[in-house]
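Asks: There's a structure below that I have some questions on.
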Amino acid sequence: MATDADSLLALEGLMNEFFAPTTTNIRKREIEELLNNFSAQTGAWRHCFYFLTHSQNEYVMMYALSVFENVINRQWIGIQGGDKIQIRNGLSKFLLSHHKVIPSSIRNKLIKVIVCIARLDWPHFYPDFFSNILQLIQQSQTAALGLMLLHTTSEELAAPREDLSASRKEELNRLLQDQVPTVLNIITHILESILDKHRQLVITATPPPSPTHGDDDSQDAFTNNIAYGTSPLQSGSSLIRNIFNSPQTSKQNLQPLPPLDQDSEHLSNLALHCLAHLFSWIPLSCHISTRLLTTIFHFANFGCDIQSVQSGTSSFRLNDSFSSSGSSSLGVLAMCCINEIMSKNCIPTDFEEFLLKMFQQSFHLLQRMTKDNTAQSVGNKIEELDESYVEKFTEFLRLFVSIHLRRFEGNSHFPILEFLSLLYKYTFKQANNEGLFACLDIWNVFLDYLITRSHARAPDANEVVNSYSEALESLMEALLFKIQFRCNQVQLEELDDEVVDDDAETEWQHFLCNCLEVVAKTAELLPRVAFQYLFQIFQENLDVYLGLGGFIIESSEGQKLNITAENEVRRLHCSLRDLSTTLQALGRMSEHFTTENFHPRFDNALQLVEKFCELNSFSGKAQLFKLKTAIPTVLKPEFIQVHAECLGALQAFNQWLAQFYLESKRQAGDKYQHLFTPIITKTIESIVPLFTKQTPEKVLLSASHLFLSISSSVRPPFLVELPLVQKLFTEVSQGLLNGMPIEVELLIVRALSNILVLAWPNVAENAQNWASRSANHSGFMRRITSEYCQIKDVPNFAKDKMLQNRAKPCMKRTLHLLANHVDSVSGEVSKTKQIVFQSLKECIEVTLALFPVYISQADVVDEIMSFYLAIIQGLRVQMGVASIQSTITVFMNLFTREQLTAIILNEGSSGVRVVEKFLQILELILQEPGSAFKGFLPTIINISMHQIYPIIAERQSPDIKLVLFRLLFELLQNKWRYFFPSSILTKMQSDTEAVDHTDEFIVIMQSFGQSFLQPDIAVFRQNLECLEKLNEKLKLYHKKIFREMMLVPFLNVLLQVLLHKSHDLLQEEIGMTIYNMAAVDFDNFYVAFLCQFLEGADGIDPNQRSVLDRNFKKDRDYPTFIQNLQRFVNDLRYYRLCNSALPANSVKL
């Protein structure tokens, strides 16, 4: 037999071989199997003691500890008492004697293993576990080890894993809560001792500058230009000094200390780490003392020291006022502790005063971080601080504003305006854009709070907003300053404006959107002020843009922009970028000029819209993007962007234009009437000429969207009479849009169609001129679809593959165009839909005729199904029952089982889309009231359950499943009488419950149950919701057939899902469904089902079954039932784990 020494030598060889870079995966699996076999031997842990104490190999030591961990977690209940003591004492002694010399990874693993023992044995079989930790912490030589043990104890015992019974979890929580006061006192004492030790060095050192030193008026240009008012923080006001006045210890606390020695730094780090985790679960109470909080804030103060001093250079003097390299990390940890307290939303009333003291101390940190550099002091620029510390402090501010601000807004001891002043400075001193965005999120939360108050119509709403107006005005002005190239070009030019991110935004667009979001919310509170600021910037840049007409000259190369000086080109570049920005910002303000604000702010809105029209007119005529320039790469993109943005800005005001038109119709002879028509006319004259292939795509898209908005939202009757619009109808019919981007074609065709089919607002029905408009629309649609409609007449088309392939682009383009058009009118009046249907009647017939030809080409069938889905969804009333029936019959005849199988399995994503759209069409049929389509029900069920479901049932992919189960849900919900024909009166007169088509109903229900055995969470969630809706609306769970045949299988499946934790994200929804099923007959659930379920549950013994049944209390209210259910599932899982760890023939207690 091999000795332990021989085994150790062999083990070291195996471990080194396993981790050697040259070892193959096959050999690694062989070694892994050898190691697993060794660890599975009874008593393998005894050898591991020898390995642990006689090896310096980290791999060997980690393997030995993993064997111990496996014994504790999986076999502990079957280990003899004496062996448990040997393991516990042996590991504890090894840790105590070697914790300073073994690698940190080994030490941490060893600590976790010891805590795992306590998780199972403390205090009953391991009574001195916690007292040992406290003793270690209080001895200087072992304090660090004790804190590590305490931290791991907090992690492992406060929220233990699922391998404990519910009662044991509750017991551990109670035991830990009892220890909290002692633990916090000891940690407080440790941190205070460290501070006192090093505070002595400050007494003889040169006093540091006071926290307010340097906060005078010598600020940088940006702050001088933007800062609002005179902040008490800047003027040295006695108000804020008095508010922040605190005991002498707090004042001492503010003074930075010299660098901590390495041991003190390490101990502080461990203590703060430990506190942060403790604060994550202990309740807010008197345990968290002012003394402890003051100490934490001192360490948070370390983070305010600039990195250039933290680097600890050789010239660092002992009496300098900044800490060494470790202080920054201590500041981060201290802020983590503070943020754990801040994140608690529910604050006891007696804790609010304590929180107020917290905020007062945090203001000192904020004051230091925002202090400006002066000639007399070093200062603390945010850009020089540790980035992690700044992130944590920003998180603190976010938590304060989002959770606690409303608690103290009216508190006379809380200086809200001074806080906003500091937050303002903090925001605009951020070192990078991510920091700025995080701060802007805080402002967004604050603005949302104010907007909610103003919308609540509270008596003091206006007074509250006015009290903040100066701060909000300064914020908006600073942001507008920051996004302008003429003010901030160096920073803005660094932002990329070409590469898009996952949200389809460039870096510049992301920056601009973040800033404009805050400007827009501020404008909601201060609309007049915002308009004045923006309009002034807009007018200045507009004048520059409109003045470019004087610099256009003719040359041999065509028109040229006669601006060549580099400085002038740069200034023009900045002005154009800023004009684009202000156009976007003004577009965001459009909502502040409509509805009840239309009349009071009409003059401002009219002035703005007329400026937009002037800008669009100039841009359309000049088409500056075609000019030759000195530096084409610099100005051409800006000309394109300005043109696109001015079109977009006018489109943003389309709701205002719609209201303007209604007012002009409502008040005949009023000033509105003669002002409205020129605006629309000028707009059309400026955009229609842009519809050419020579126009840049960005401008073309903006023009198309604006044209569509006017035709769909404003709808002026005279639009169709404008010469340019009539010309556009003709040119589009002749193929003007061929070769343009498909989106442009869709938008323009929709806009032209809208002009002819949408009802004119405020016009009587007999004045709508429907007959003429219908004839014009039919002619227009016939002309643009003529090529498509002629396909069916091509000789030998059905057999000639070459002709079919040649026709595919035309088919796909036309069907996509028509489907988009039908979708756009689906919500309009019936007359509009009738006109559209009549115009498309020939296309519908042609498409149905071509369907069999292309049935095997999924990409074309996909477009065909999209078209018919749009038709049946939007125009089914106009289409009529007979026509729909014949269409559905064709579909059903073509989609045979073989055809569906081929489409699903061989055609990839396009094939999946075809089947999903086919099912969606059937779903629409099922939603139709009445019995018109009742004859289709057997065929729909047959296609769903016998043709499609068998193909997709066992596939892991959710493709088609979501749509199929939604179809089945609609079938049950809308055609319930197909299965349960009995009326309420019939059921009252008879005890029996008639069920028709029983087999079909059972198959459908079984498919729902089968879906709960599969991993896809989206299908699981949808089907669970479907069952709940059917029960809520139609009492599904109460039906006799469901109670007798399906209730028990469903409960079994859902309980097994909870036990196996396969769909943990849906625990709450699953619990609700189980409760509603149990509520059908609670007595039967508790008496029969639970016993039956436990009898079939493997891995537990009869006594454990009895305990589980007894502990599941017979409560019937939902909250208690769910608590009992969670306990039941947890304990059953725990018993199985324990039993699997017992050796064979063990006695189970």
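Ordered as shown in the structure tokens, chains take letters A, B, and onward, while each chain numbers its residues from 1 and ligands are numbered from 1 in the order shown.
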For segment 638-650 of chain A, list every protein, DNA or RNA residue within 9 Å, evaluated using only C-alpha atoms, and leave out those in the same chain fewer than 3 positions away; present the list as number ranges by chain.
Replies: A: 573, 576-577, 579-581, 583-588, 590, 609, 612-613, 615-616, 619-620, 623-625, 634-635, 653-654, 683, 687, 696, 698-703, 705-706
Asks: Would you save the residues of that selection, restricted to N, CA and C atoms, as a short mmCIF file (atom, residue, chain, number, x, y, z; two decimals), in the first residue's frame?
Replies:
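Contents of selection_20.cif, freshly written:
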data_model
loop_
_atom_site.label_atom_id
_atom_site.label_comp_id
_atom_site.auth_asym_id
_atom_site.auth_seq_id
_atom_site.Cartn_x
_atom_site.Cartn_y
_atom_site.Cartn_z
N HIS A 573 -17.81 75.86 -39.98
CA HIS A 573 -18.02 74.47 -39.54
C HIS A 573 -18.69 74.43 -38.17
N LEU A 576 -22.36 75.68 -38.36
CA LEU A 576 -23.26 74.70 -38.96
C LEU A 576 -23.58 73.57 -37.99
N ARG A 577 -22.56 73.10 -37.27
CA ARG A 577 -22.81 72.03 -36.28
C ARG A 577 -23.76 72.54 -35.20
N LEU A 579 -25.96 74.93 -35.49
CA LEU A 579 -27.30 75.12 -36.07
C LEU A 579 -28.04 73.78 -36.08
N SER A 580 -27.37 72.71 -36.44
CA SER A 580 -27.99 71.38 -36.41
C SER A 580 -28.44 71.01 -35.00
N THR A 581 -27.58 71.32 -34.04
CA THR A 581 -27.90 71.00 -32.64
C THR A 581 -29.12 71.76 -32.16
N LEU A 583 -31.50 73.11 -33.92
CA LEU A 583 -32.69 72.64 -34.62
C LEU A 583 -33.26 71.40 -33.94
N GLN A 584 -32.37 70.50 -33.54
CA GLN A 584 -32.81 69.29 -32.85
C GLN A 584 -33.42 69.64 -31.50
N ALA A 585 -32.79 70.58 -30.79
CA ALA A 585 -33.31 70.99 -29.47
C ALA A 585 -34.66 71.67 -29.60
N LEU A 586 -34.82 72.54 -30.59
CA LEU A 586 -36.10 73.22 -30.78
C LEU A 586 -37.19 72.24 -31.19
N GLY A 587 -36.82 71.24 -31.98
CA GLY A 587 -37.79 70.20 -32.32
C GLY A 587 -38.32 69.48 -31.10
N ARG A 588 -37.43 69.27 -30.12
CA ARG A 588 -37.84 68.61 -28.87
C ARG A 588 -38.84 69.46 -28.09
N SER A 590 -41.38 71.10 -29.29
CA SER A 590 -42.64 71.29 -30.01
C SER A 590 -43.86 71.00 -29.14
N VAL A 609 -41.77 78.38 -36.62
CA VAL A 609 -42.13 77.61 -37.81
C VAL A 609 -41.82 78.40 -39.08
N PHE A 612 -38.25 78.06 -39.72
CA PHE A 612 -37.97 76.74 -40.30
C PHE A 612 -38.29 76.73 -41.79
N CYS A 613 -39.43 77.33 -42.14
CA CYS A 613 -39.82 77.37 -43.55
C CYS A 613 -38.80 78.17 -44.37
N LEU A 615 -35.69 78.58 -43.64
CA LEU A 615 -34.48 77.77 -43.69
C LEU A 615 -34.62 76.64 -44.71
N ASN A 616 -35.78 75.98 -44.71
CA ASN A 616 -36.02 74.90 -45.67
C ASN A 616 -36.04 75.42 -47.11
N SER A 619 -32.47 76.20 -48.11
CA SER A 619 -31.70 74.96 -48.27
C SER A 619 -32.11 74.23 -49.55
N GLY A 620 -33.45 74.21 -49.82
CA GLY A 620 -33.91 73.52 -51.01
C GLY A 620 -33.45 74.18 -52.29
N GLN A 623 -29.27 74.13 -52.18
CA GLN A 623 -28.70 72.77 -52.17
C GLN A 623 -27.18 72.85 -51.98
N LEU A 624 -26.81 73.39 -50.84
CA LEU A 624 -25.40 73.66 -50.56
C LEU A 624 -24.53 72.41 -50.60
N PHE A 625 -25.14 71.26 -50.40
CA PHE A 625 -24.34 70.03 -50.41
C PHE A 625 -23.76 69.73 -51.81
N VAL A 634 -14.94 68.72 -44.90
CA VAL A 634 -15.32 69.43 -43.68
C VAL A 634 -16.73 69.99 -43.78
N LEU A 635 -17.07 70.65 -44.86
CA LEU A 635 -18.35 71.37 -44.91
C LEU A 635 -19.50 70.58 -45.52
N PHE A 653 -42.97 69.68 -35.49
CA PHE A 653 -44.07 70.60 -35.23
C PHE A 653 -45.33 70.22 -36.00
N ASN A 654 -45.41 68.96 -36.50
CA ASN A 654 -46.58 68.60 -37.31
C ASN A 654 -47.87 68.60 -36.49
N THR A 683 -43.58 74.83 -47.67
CA THR A 683 -42.96 73.57 -47.27
C THR A 683 -42.95 72.57 -48.43
N ILE A 687 -39.67 70.77 -50.42
CA ILE A 687 -39.29 69.36 -50.26
C ILE A 687 -39.51 68.52 -51.52
N PRO A 696 -28.78 63.61 -51.25
CA PRO A 696 -28.20 62.69 -50.26
C PRO A 696 -29.30 61.95 -49.49
N LYS A 698 -29.72 61.03 -46.44
CA LYS A 698 -30.16 61.59 -45.15
C LYS A 698 -31.19 62.70 -45.37
N VAL A 699 -30.94 63.57 -46.35
CA VAL A 699 -31.88 64.65 -46.68
C VAL A 699 -33.15 64.07 -47.28
N LEU A 700 -32.99 63.10 -48.16
CA LEU A 700 -34.13 62.47 -48.84
C LEU A 700 -35.08 61.83 -47.83
N LEU A 701 -34.52 61.14 -46.84
CA LEU A 701 -35.35 60.51 -45.81
C LEU A 701 -36.09 61.55 -44.97
N SER A 702 -35.39 62.61 -44.58
CA SER A 702 -36.03 63.65 -43.78
C SER A 702 -37.16 64.32 -44.55
N ALA A 703 -36.92 64.58 -45.83
CA ALA A 703 -37.96 65.20 -46.66
C ALA A 703 -39.16 64.27 -46.80
N HIS A 705 -40.16 61.89 -44.71
CA HIS A 705 -40.88 61.84 -43.44
C HIS A 705 -41.73 63.09 -43.23
N LEU A 706 -41.20 64.24 -43.59
CA LEU A 706 -41.96 65.49 -43.44
C LEU A 706 -43.19 65.48 -44.35
#
Asks: Using only C-alpha atoms, determine which residues lie at most 9 Å from Arg1127 of chain A, disregarding the query and same-chain residues fewer than 4 positions distant; provide the list as a ChimeraX atom specification.
Replies: /A:165-167,1111-1112,1122-1123,1131-1132
Asks: So which residues touch Arg750 of chain A within 10 Å, counting only C-alpha atoms, skipping near sequence neighbours fewer than 6 positions away, as a list in words?
Replies: Ser704, Phe707, Leu708, Ser711, Ser712, Val744, Leu817, Leu818, Asn820, His821, Val822, Ser824 and Val825 of chain A
Asks: Give the strand (DSSP E or B) residues of segment 551-741 of chain A, as assigned by DSSP on the backbone, as a ChimeraX atom specification.
Replies: /A:552-555,558-561,628
Asks: Could those selected residues go to a file with N, CA, C and O atoms, as a PDB file, in the first residue's frame?
Replies:
ATOM      1  N   ILE A 552     -21.784  82.329 -52.777  1.00  0.00           N
ATOM      2  CA  ILE A 552     -21.846  81.328 -53.843  1.00  0.00           C
ATOM      3  C   ILE A 552     -21.485  81.984 -55.164  1.00  0.00           C
ATOM      4  O   ILE A 552     -22.106  82.972 -55.573  1.00  0.00           O
ATOM      5  N   ILE A 553     -20.473  81.464 -55.834  1.00  0.00           N
ATOM      6  CA  ILE A 553     -20.013  82.030 -57.106  1.00  0.00           C
ATOM      7  C   ILE A 553     -19.991  80.940 -58.169  1.00  0.00           C
ATOM      8  O   ILE A 553     -19.967  79.753 -57.855  1.00  0.00           O
ATOM      9  N   GLU A 554     -20.033  81.376 -59.431  1.00  0.00           N
ATOM     10  CA  GLU A 554     -19.940  80.436 -60.539  1.00  0.00           C
ATOM     11  C   GLU A 554     -18.472  80.204 -60.877  1.00  0.00           C
ATOM     12  O   GLU A 554     -17.664  81.132 -60.857  1.00  0.00           O
ATOM     13  N   SER A 555     -18.125  78.945 -61.193  1.00  0.00           N
ATOM     14  CA  SER A 555     -16.764  78.616 -61.595  1.00  0.00           C
ATOM     15  C   SER A 555     -16.818  77.592 -62.710  1.00  0.00           C
ATOM     16  O   SER A 555     -17.898  77.106 -63.082  1.00  0.00           O
ATOM     17  N   GLY A 558     -18.555  74.513 -61.790  1.00  0.00           N
ATOM     18  CA  GLY A 558     -19.922  74.675 -61.315  1.00  0.00           C
ATOM     19  C   GLY A 558     -19.957  75.675 -60.177  1.00  0.00           C
ATOM     20  O   GLY A 558     -19.021  76.471 -59.986  1.00  0.00           O
ATOM     21  N   GLN A 559     -21.042  75.661 -59.402  1.00  0.00           N
ATOM     22  CA  GLN A 559     -21.162  76.607 -58.291  1.00  0.00           C
ATOM     23  C   GLN A 559     -20.156  76.259 -57.193  1.00  0.00           C
ATOM     24  O   GLN A 559     -19.918  75.098 -56.898  1.00  0.00           O
ATOM     25  N   LYS A 560     -19.626  77.314 -56.590  1.00  0.00           N
ATOM     26  CA  LYS A 560     -18.567  77.138 -55.609  1.00  0.00           C
ATOM     27  C   LYS A 560     -18.803  78.070 -54.425  1.00  0.00           C
ATOM     28  O   LYS A 560     -19.305  79.187 -54.586  1.00  0.00           O
ATOM     29  N   LEU A 561     -18.445  77.626 -53.227  1.00  0.00           N
ATOM     30  CA  LEU A 561     -18.546  78.464 -52.028  1.00  0.00           C
ATOM     31  C   LEU A 561     -17.242  79.232 -51.862  1.00  0.00           C
ATOM     32  O   LEU A 561     -16.173  78.639 -51.691  1.00  0.00           O
ATOM     33  N   LYS A 628     -18.984  73.178 -54.581  1.00  0.00           N
ATOM     34  CA  LYS A 628     -17.567  72.899 -54.423  1.00  0.00           C
ATOM     35  C   LYS A 628     -17.037  73.782 -53.290  1.00  0.00           C
ATOM     36  O   LYS A 628     -17.320  74.982 -53.251  1.00  0.00           O
TER      37      LYS A 628
END
Asks: Quick one: pull the distance between atom CA of Ile416 of chain A and atom CA of Pro459 of chain A, Å, one decimal.
Replies: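 Result for atom CA of Ile416 of chain A versus atom CA of Pro459 of chain A: 20.4 Å, one decimal.
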Asks: When distances are computed from only C-alpha atoms, which of A:Ala605, A:Leu675, A:Ile537, A:Val67 shows the smallest separation from Gln484 of chain A?
Replies: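 Closest to Gln484 of chain A of all the choices is A:Ile537.
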Asks: With only C-alpha atoms as the counted atoms, please give the residues lying no more than 6 Å from Arg897 of chain A, apart from itself and same-chain residues fewer than 2 positions off, as a list in words.
Replies: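 What passes the distance filter is Gln899, Leu900 and Gln947 of chain A.
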Asks: Please produce a file of the residues just selected, as a tab-separated table (two decimals), in the first residue's frame, where the atoms kept are C-alpha atoms.
Replies:
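What follows is the written file part-v5.tsv:
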chain	number	residue	atom	x	y	z
A	899	GLN	CA	-45.07	21.41	-47.42
A	900	LEU	CA	-45.02	22.80	-43.86
A	947	GLN	CA	-49.13	19.13	-38.73
Asks: For Ser328 of chain A, which residue out of A:Trp281, A:Tyr389, A:Phe130, A:Phe1008 is the nearest one, using only C-alpha atoms?
Replies: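 The shortest atom-to-atom distance to Ser328 of chain A comes from A:Tyr389.
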Asks: Which residues, written as a list in words, have at least one atom at most 7 Å from segment 286-295 of chain A, with only C-alpha atoms counted and residues fewer than 3 positions away on the same chain left out?
Replies: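 My list of contacting residues is Pro181, Thr188, Leu191, Glu192, Ser250, His298 and Phe299 of chain A.
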Asks: Restrict the selected residues to N, CA, C and O atoms and save them as a short mmCIF file (atom, residue, chain, number, x, y, z; two decimals), in the first residue's frame.
Replies:
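After the write, again_34.cif holds the following:
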data_model
loop_
_atom_site.label_atom_id
_atom_site.label_comp_id
_atom_site.auth_asym_id
_atom_site.auth_seq_id
_atom_site.Cartn_x
_atom_site.Cartn_y
_atom_site.Cartn_z
N PRO A 181 -24.61 44.11 17.16
CA PRO A 181 -24.10 45.22 17.99
C PRO A 181 -22.65 45.03 18.40
O PRO A 181 -21.85 45.97 18.32
N THR A 188 -15.82 49.43 14.80
CA THR A 188 -15.69 50.87 15.04
C THR A 188 -14.42 51.16 15.83
O THR A 188 -13.67 52.11 15.51
N LEU A 191 -11.25 50.85 13.60
CA LEU A 191 -11.07 51.97 12.68
C LEU A 191 -10.69 53.24 13.43
O LEU A 191 -9.83 54.02 12.99
N GLU A 192 -11.32 53.45 14.59
CA GLU A 192 -10.98 54.64 15.38
C GLU A 192 -9.54 54.56 15.88
O GLU A 192 -8.84 55.58 15.92
N SER A 250 -16.04 65.64 14.44
CA SER A 250 -16.35 65.70 13.02
C SER A 250 -15.41 66.66 12.32
O SER A 250 -15.01 66.45 11.20
N HIS A 298 -14.59 59.70 7.64
CA HIS A 298 -13.19 60.10 7.59
C HIS A 298 -12.46 59.32 6.51
O HIS A 298 -11.68 59.88 5.74
N PHE A 299 -12.72 58.02 6.45
CA PHE A 299 -12.06 57.22 5.41
C PHE A 299 -12.57 57.59 4.03
O PHE A 299 -11.82 57.54 3.04
#
Asks: Residues near Ser104 of chain A, anyone? I mean within 12 Å using only C-alpha atoms, not counting same-chain ones fewer than 2 positions away, as a PyMOL selection string.
Replies: chain A and resi 58+61-62+95+98-102+106-111+145+148
Asks: Could you write out that same residue set with N, CA, C and O atoms as a CSV table (one decimal), in the first residue's frame?
Replies:
chain,number,residue,atom,x,y,z
A,58,GLU,N,0.6,24.9,-4.7
A,58,GLU,CA,-0.8,25.5,-4.6
A,58,GLU,C,-1.9,24.7,-5.2
A,58,GLU,O,-3.0,24.6,-4.7
A,61,MET,N,-2.7,22.0,-2.6
A,61,MET,CA,-3.4,22.5,-1.5
A,61,MET,C,-4.8,22.9,-1.8
A,61,MET,O,-5.8,22.6,-1.1
A,62,MET,N,-5.0,23.4,-3.0
A,62,MET,CA,-6.4,23.7,-3.4
A,62,MET,C,-7.2,22.5,-3.6
A,62,MET,O,-8.4,22.4,-3.3
A,95,LEU,N,-5.0,27.0,9.7
A,95,LEU,CA,-5.3,28.4,9.4
A,95,LEU,C,-4.6,29.4,10.3
A,95,LEU,O,-3.9,30.3,9.9
A,98,HIS,N,-0.7,29.2,9.7
A,98,HIS,CA,-0.1,29.4,8.4
A,98,HIS,C,-0.8,30.6,7.6
A,98,HIS,O,-0.4,30.8,6.5
A,99,HIS,N,-1.7,31.3,8.2
A,99,HIS,CA,-2.5,32.3,7.4
A,99,HIS,C,-1.6,33.4,6.9
A,99,HIS,O,-1.9,34.1,5.9
A,100,LYS,N,-0.4,33.6,7.5
A,100,LYS,CA,0.4,34.7,7.0
A,100,LYS,C,1.4,34.2,5.9
A,100,LYS,O,2.0,35.1,5.2
A,101,VAL,N,1.6,32.9,5.7
A,101,VAL,CA,2.6,32.4,4.8
A,101,VAL,C,2.0,31.7,3.6
A,101,VAL,O,2.6,31.6,2.6
A,102,ILE,N,0.8,31.2,3.7
A,102,ILE,CA,0.2,30.5,2.5
A,102,ILE,C,-0.4,31.6,1.6
A,102,ILE,O,-0.7,32.7,1.9
A,106,ILE,N,-5.4,30.3,-1.2
A,106,ILE,CA,-5.5,29.1,-0.4
A,106,ILE,C,-6.1,29.5,1.0
A,106,ILE,O,-7.0,28.9,1.5
A,107,ARG,N,-5.6,30.7,1.5
A,107,ARG,CA,-6.2,31.2,2.8
A,107,ARG,C,-7.7,31.4,2.7
A,107,ARG,O,-8.4,31.0,3.5
A,108,ASN,N,-8.1,32.1,1.6
A,108,ASN,CA,-9.5,32.4,1.4
A,108,ASN,C,-10.4,31.2,1.3
A,108,ASN,O,-11.5,31.1,1.8
A,109,LYS,N,-9.8,30.2,0.6
A,109,LYS,CA,-10.5,28.9,0.4
A,109,LYS,C,-10.7,28.2,1.8
A,109,LYS,O,-11.7,27.6,2.1
A,110,LEU,N,-9.6,28.2,2.5
A,110,LEU,CA,-9.6,27.6,3.8
A,110,LEU,C,-10.6,28.2,4.8
A,110,LEU,O,-11.3,27.6,5.5
A,111,ILE,N,-10.7,29.6,4.7
A,111,ILE,CA,-11.6,30.3,5.5
A,111,ILE,C,-13.1,29.9,5.1
A,111,ILE,O,-13.9,29.6,6.0
A,145,LEU,N,-6.9,38.4,10.1
A,145,LEU,CA,-7.5,37.1,9.9
A,145,LEU,C,-9.0,37.1,10.4
A,145,LEU,O,-9.9,36.5,9.8
A,148,MET,N,-11.3,38.8,8.0
A,148,MET,CA,-11.6,37.9,6.8
A,148,MET,C,-12.6,36.8,7.2
A,148,MET,O,-13.5,36.6,6.4
Asks: Could you give me, as a PyMOL selection string, the residues within 8 Å of Ala118 of chain A, counting only C-alpha atoms and dropping anything in the same chain fewer than 5 positions from it?
Replies: chain A and resi 123+126+129
Asks: If DSSP is run on the backbone, what residues of segment 732-809 of chain A are alpha helix (DSSP H)? A reply as a ChimeraX atom specification would be ideal.
Replies: /A:732-733,742-757,770-784,786-789,801-809
